[in-house]
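Contents: one structure, followed by commentary.
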Amino acid sequence: MVSKKNYDVTEWNVGNPYEDIGKVINSIIADIKTRQTNVDVNDGGKPGAVIYIPPGDYHLTTQVVIDISYLKIMGSGHGFTSSSIRFNTPPGELAHWHEIWPGGSRVLVDILPQSGSDESTGAAFYVKREGEPRISSVEFADFCIDGLHFVDDASGHHDPENSYTNGKTGIYVANAQDSFRITGMGFVYLEHGITTYQSDALSIHDNFIAECGNCIELRGSGQASKITDNLIGAGYKGYSIYAQNFGGLLVTANNVFPRGKSSIHFSGVVRSSVTSNRFHSFYSGMLVLEDNSSEVLVSANHFLRDHEPWLPMQGYDSGADDLYGLLYISGNNNSVISNHISETIETQYIRPSGAKPVIIRIVSGTGNFISGNHMVATTEASKTQTSATNSCFDAQVGALLTVDALQPLEVTAVQIETESRQNTILDSGSDAQVVMDRTVNAFRATPTPGL
């Protein structure tokens, strides 16, 4: 007996996938449900199916609604290429480009959510199912979700393509789910790349999620999930990685690009790990632990903060000044151990003017353990030539590789506010670089060579 469980959107008999792939996939899901109606037959009954998206451009005007478990939607290439570079390149130069749009198996999100509508209405893929058991094992793999354009956000900036606003979401999971996997995907020019609620055993692995207003948002609450080996970069308004009320979250081996308001932002996250990542930011607030985030391990990461070198984006920022702290901690018993933290910025860009930038700032909470962090603070003796180039790649690589023209920058390595007590600071700043009440916190200074 033959039972169809593999579907190709280009071979389905309902709709035209190039005009509206959403209608086609919804029809396929309806077919799966009519074919798989038995809940328990020989210890099985609903194995699910695979929907394949071949390489090509597929417009989506109808939201895909997923309410079945064991469904995999897959393509043959994440297709990411920078839309931000394209939209900030003079038209005369674009005429000589080899290609100008993302490719691979590419879904073009043509949904236009109305202002004030529910956040889910702008989602290309909307996952929701009530009842027990939780929807499980839905997978997205190896295709591109492209939001196409950003829109005017009334901020006064002249170019709407740099607003990071359009109300569109790539994948939106509305309620509790188990063992979802998002792998090998490309997300570009979406206000929200991935948004999930009540996640359990979620794996977000080896994706390219960049030039989105927010890249990954784990909302509501959740547990035992991982964000690993991704290339990520949000816009100046949003989060590259955000998690809310989570326990047991593993964030490891990600390369997080600059421009996100926060590289990683935890709200009420406990007993989780942030290890072996590379974080790069143009703003303070790279890592934020707030709302009693506690027992979080932050270890063996590389943090780099510098100034935006690419001319078209120099007029934008997150609004956080240099006293906010590169790492902002409000919670208890967190461990910040053995990280390398670099701040390289010309003094003219420090805000407020003349301030000493704060690297690690403990705002509230008790029992935080800060140990063995190597902080390198430098400023450029003179402005580099890379900041004037129109090439994003040349500007950023040039800035990253500039080390021989640097001189020391005076900073506050660790600052503990009066609302925070019983913290331990070891070998994470010299005696002059640490600001705290030493009668209620423990401190051992990093030895100063020659003294």
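Ligands are numbered from 1 in the order shown, residues from 1 within each chain, and chains are lettered A, B, ... in the order they appear in the structure tokens.
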
>> as a PyMOL selection string, please: the residues near Ile264 (chain A) (cut-off 7 Å, only C-alpha atoms, same-chain neighbours under 6 positions excluded).
In response: chain A and resi 239-242+286-288

> Could you pull the residues within 9 Å of Asn245 (chain A), counting only C-alpha atoms, minus those fewer than 4 positions along the same chain, as a VMD selection string?
Replying inline: chain A and resid 218 to 223 266 to 270 293

Would you put the residues from that selection into a file with N, CA and C atoms, as a CSV table (one decimal), in the first residue's frame?
```csv
chain,number,residue,atom,x,y,z
A,218,LEU,N,12.9,34.2,21.9
A,218,LEU,CA,12.2,33.1,22.7
A,218,LEU,C,11.4,33.8,23.8
A,219,ARG,N,10.1,33.8,23.6
A,219,ARG,CA,9.2,34.6,24.5
A,219,ARG,C,8.4,33.7,25.3
A,220,GLY,N,7.7,34.4,26.3
A,220,GLY,CA,6.8,33.6,27.2
A,220,GLY,C,7.6,33.0,28.3
A,221,SER,N,8.0,31.7,28.0
A,221,SER,CA,8.9,30.9,28.9
A,221,SER,C,9.4,29.7,28.1
A,222,GLY,N,10.3,29.0,28.7
A,222,GLY,CA,10.8,27.8,28.0
A,222,GLY,C,11.9,27.1,28.8
A,223,GLN,N,12.4,26.0,28.2
A,223,GLN,CA,13.4,25.3,28.9
A,223,GLN,C,14.2,24.4,27.9
A,266,PHE,N,18.9,38.7,28.0
A,266,PHE,CA,18.1,37.8,28.8
A,266,PHE,C,17.2,38.5,29.8
A,267,SER,N,15.9,38.1,29.8
A,267,SER,CA,15.0,38.7,30.8
A,267,SER,C,14.4,37.5,31.6
A,268,GLY,N,14.8,37.5,32.9
A,268,GLY,CA,14.3,36.4,33.8
A,268,GLY,C,14.8,35.0,33.4
A,269,VAL,N,16.0,35.0,32.8
A,269,VAL,CA,16.6,33.7,32.4
A,269,VAL,C,17.4,33.2,33.5
A,270,VAL,N,17.3,31.9,33.8
A,270,VAL,CA,18.1,31.3,34.9
A,270,VAL,C,18.8,30.0,34.5
A,293,SER,N,17.6,37.8,36.2
A,293,SER,CA,18.3,36.7,35.5
A,293,SER,C,19.4,36.2,36.4
```

> Which one is closest to Gly104 (chain A): A:Ala124, A:Val64, A:Ile145, A:Leu249? Count only C-alpha atoms.
Replying inline: A:Ile145

>> Give me the residues near Thr439 (chain A) as a PyMOL selection string, where near means some atom within 12 Å (using only C-alpha atoms) and where sequence neighbours in that chain fewer than 5 positions away do not count.
In response: chain A and resi 418+421-424
